[in-house]
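Input: a single structure, listed below in structure tokens.
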Amino acid sequence: MTGTRRAVPLPRGWTLRTREIVAVLIGNGLLIGAMWLRHGGPDLLDSPSGWFIAGGQLTALLGGYLALIQLVLMSRSPWLEQVVGQDALTAAHRWVGFACVWFIVGHAILTTTGFALADGSNVIVELWTLLTTYEFMLMAGVSLVLFIAVAVSSVKLARRHLSYETWHGIHFYAYLAIALGLGHQLVTGTDFAHDPIAWAYWVALYLIAGATILVFRFVQPLATSVRHQFRVVNVEREGPGVVSIYLGGRDLDRFAIRAGQFVIVRFLRRDGWWRGHPFSISAAPNGRWLRLTVKDLGDDTTSMAALPIGTRVYLEGPYGLLTGARRKRRRVLLIAGGIGIAPLRALFEELPAGPGDLTLLYRASRPKDIVFREELDHLAAARGAIVHYLIGARGSRAMPADPLAPPALRQLVPDVREREVYLCGPTPMMEAVRDGLQLLGIPRRHIHFERFEF
Amino acid sequence: MVDAPARTRPRIVATMGTVIALDVRDAALPDDAFEAAIAWLTEVDQRFSPFRPASEISRLARAEVVPEDCSPDIRFVLTRCEAIRRETDGFFDIRGPGLRAGLDPSGYVKGWAVEEAAHILEAAGARNYVLNAGGDVVLRGAPEAGRPWIVGIRHPLEADHIAARLAFEPGPGRQAVATSGLYERGGHIVNPWTGAVPSELLSMTVVGPSLALADAYATAAFAMGRDGLPWLAGRTGYAGYAIDRELRPSWTAGCEPFLVAAG
Amino acid sequence: MPKRAVAAIVVTAIALALLFSFKTPADNASALGVPAILSPAPDASSGPGLGDTGPAASTAPSTAASLAPGATPVPTKAATKGSGTFTGSVVSEPFGEVQVQITMSAGKITDVTALQLPTHGRSGFISQSVAPILQGEALAAQSASIDTVSGATYTSDAYAQSLQSAIDQAHG
């Protein structure tokens, strides 16, 4: 189990840096701005209606570009995900998404107002004329409405009142919104209608974004699932409300994944086949099966225990940065809270480490919440690693102080400041621990933490 | 009958924001007749162009001068346009919404200026000519012995295609053809009641003795949409040919004699 | 999949079908094609080939701007000045760009063409050349002829500016 030879190949590494990706995006944006200048954009600025129309053109270009960036952000491209991380991508997606919709709304208002001023008509009449007599403009209007719906449904207040399914369903209309907007951009957009180079360039951007989504979101996972034929081969109860699902398949020794990563699985059965679950592997990959250990959370997960053996599985991934690839120090500290033990259990097994170099802190409220106890003790003994079980409700007599607060950490792990730290658990708990670690003087780049928001 | 005209090339003048072709078939019309006509058109452009900030019209629009202090021509044009505004119930209005600089008589001025240019040429002896100012036509006589002037009405949508043809037998005086259409965003054609750009018709052509009136009537009748032709039928001496959104043509009874079947 | 998702997909599909069936006037008109009364106009860019034929021919003599041989010589001023094709600057206006090109011969304008006109997303609404308006030419394919064309033309500040810049080039 602690052999030096890997059972499965390592997932491919990428030598890109985040700042290089950002530089390309910004450079492209400047190019688009230069295109606007070249098409005589500033010439518009000599009349009041021209200011509005110029503003409308710039917001159109920016909004359209940001929409394409959104597609790439959500494409689950490995080169992006492994470099930037799913957490950062989700945050960027949220920010870019709202900015994009603001720009597009601004574009609609500015252009309609500018046209109305130039025509001497009022905005309502102008809007009607635009929608009913310009080619593809009605589609663009529908696109705008869809964008607004997606944005409004994603505001925190709305999300609290919407079920995940409803929100996700509305979100899918973003694809349609982007597609419906393309027609009016190419035919009516002043930057493209008369300039074949600009037109070809814009179409190429769309094709690249579309191809990225198509390949990495759909084609590659499909190919992976078809090749490996993942199936449920075993289901075991690890403890109250915790279940392990074993996946077997074909050529699993050629499926590149590493400890700490997660996959998104869909169990192809009658109910809930369309829902994707992000589950971490809880054992180092061994080329024979993958073990996913999950908590009994919502409605669907209760039926995890009842998964029939042989259920086919559609699998996407692997994703995740909580891996040995990030490790820059010899000594490692793993801190798990609740079900966060799953990826860390895999790391505890796979991370190369000499005696005393690997420590695991496992925090749980009650003794029966601890899972993998025998495995962890066995691994610790075999590897010379240390595991501490921190059990008890906080503030109780057994545990008056927070065992993961800085003073306790320093006591438990005296050389904590020299460690590479991996955290996994409930977000508020882990954020507090991370803050504590930073207070202890551990640089951010040596603290690894992943949320599982999608 | 008219003299057999010699072949000449039309003179082209770029002015009034458009291009004017002067095609005179009479032999030996002295060159300074052309020069005088062109000078007149240029002068009108200087004084009446809403595109030139220094023109009298632009200064009038900015209220830098009052109408009483303007030249007689300006006052004449303003008076005529006001009469036509009443006649067309506001559908022709040089001060209406959607105008450049708030005052744009170019819908009348172009026709009027070209008519005056025709008058200048006639004074020098021209009797067989066609003048075309950006689609507004005034003609007289015949292009050559034995056949009438043929004026094509341009297809409103297909470039370089003709929708219909009008033939003008030589008569005692000038005849004029003017066409109005959806040629310009931000143009001066709006429905004065709704403020919207008219969209029932694609083009409206008016035939009559005066180009200035034909021009103004075409603009008004176009803006009226489906009601344009019936209104035009009530203008004595003027006929109309309209093409609607579905490319269906219709025309007034007075237009019948001019229509030529497609060859 | 929950029934709601199926319903949403069906409704979306119907809505998209309706949306795509909406036609603007330009679509309507092009779809109807050219009715019987409409016939192709003379090709304004045709060269001297449409030149003089005798009065007896059904093709009327061309009043084309091309340098047709046999045309009555017009008194010229300095022949070298102001001949050739001059392209005006591209002028932007709210709805697109305008560029006008003029052809001059011996100081006189013989042709004016708009190289670029804003179409405002209504394809085909605006003709690209004023030449057919100005100089009706003989119809090569038809027996009848057209001497001149009446139609709405494009006029705007931008057009006037570009035209003026072409003229300035010719003179300077």
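Order determines the names: the first chain of the structure tokens is A, the second B, and so forth; residues in each chain are numbered 1 upward, and ligands are numbered 1 upward as they are shown.
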
Backbone-only DSSP, alpha helix (DSSP H) members of region 126-241 of chain B, as a PyMOL selection string: chain B and resi 211-224+228-233

Find the residues near Thr87 (chain C): any atom within 7 Å, counting only C-alpha atoms, skip ones fewer than 5 places away on the same chain, and give them as a PDB file with N, CA and C atoms, in the first residue's frame.
ATOM      1  N   VAL C 100     -17.420  57.620 -50.290  1.00  0.00           N
ATOM      2  CA  VAL C 100     -17.875  57.964 -51.639  1.00  0.00           C
ATOM      3  C   VAL C 100     -16.681  58.046 -52.567  1.00  0.00           C
ATOM      4  N   GLN C 101     -16.884  57.577 -53.778  1.00  0.00           N
ATOM      5  CA  GLN C 101     -15.804  57.628 -54.767  1.00  0.00           C
ATOM      6  C   GLN C 101     -16.318  58.367 -55.985  1.00  0.00           C
ATOM      7  N   ILE C 102     -15.508  59.250 -56.524  1.00  0.00           N
ATOM      8  CA  ILE C 102     -15.936  59.967 -57.732  1.00  0.00           C
ATOM      9  C   ILE C 102     -14.959  59.684 -58.866  1.00  0.00           C
ATOM     10  N   ALA C 166     -13.610  63.665 -51.452  1.00  0.00           N
ATOM     11  CA  ALA C 166     -13.198  63.130 -52.748  1.00  0.00           C
ATOM     12  C   ALA C 166     -12.977  64.263 -53.738  1.00  0.00           C
TER      13      ALA C 166
END

Based on only C-alpha atoms, which of the residues in chain A come within 12 Å of chain B? I want them as an MDAnalysis selection string. chainID A and resid 47 49 114:130 132:134

Which value, in Å to one decimal, gives the distance between CA of Ser162 (chain C) and CA of Val90 (chain C)?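 Between these atoms lies a distance of 6.4 Å.
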
Could you tell me which of B:Ser203, B:Thr252, B:Thr88, B:Ser210 comes closest to chain C if we count only C-alpha atoms?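 Of B:Ser203, B:Thr252, B:Thr88, B:Ser210, the one nearest chain C is B:Ser203, counting only C-alpha atoms.
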
Of A:Ile69, A:Leu176, A:Val187, A:Val105, the one sitting nearest chain C when using only C-alpha atoms is A:Val187
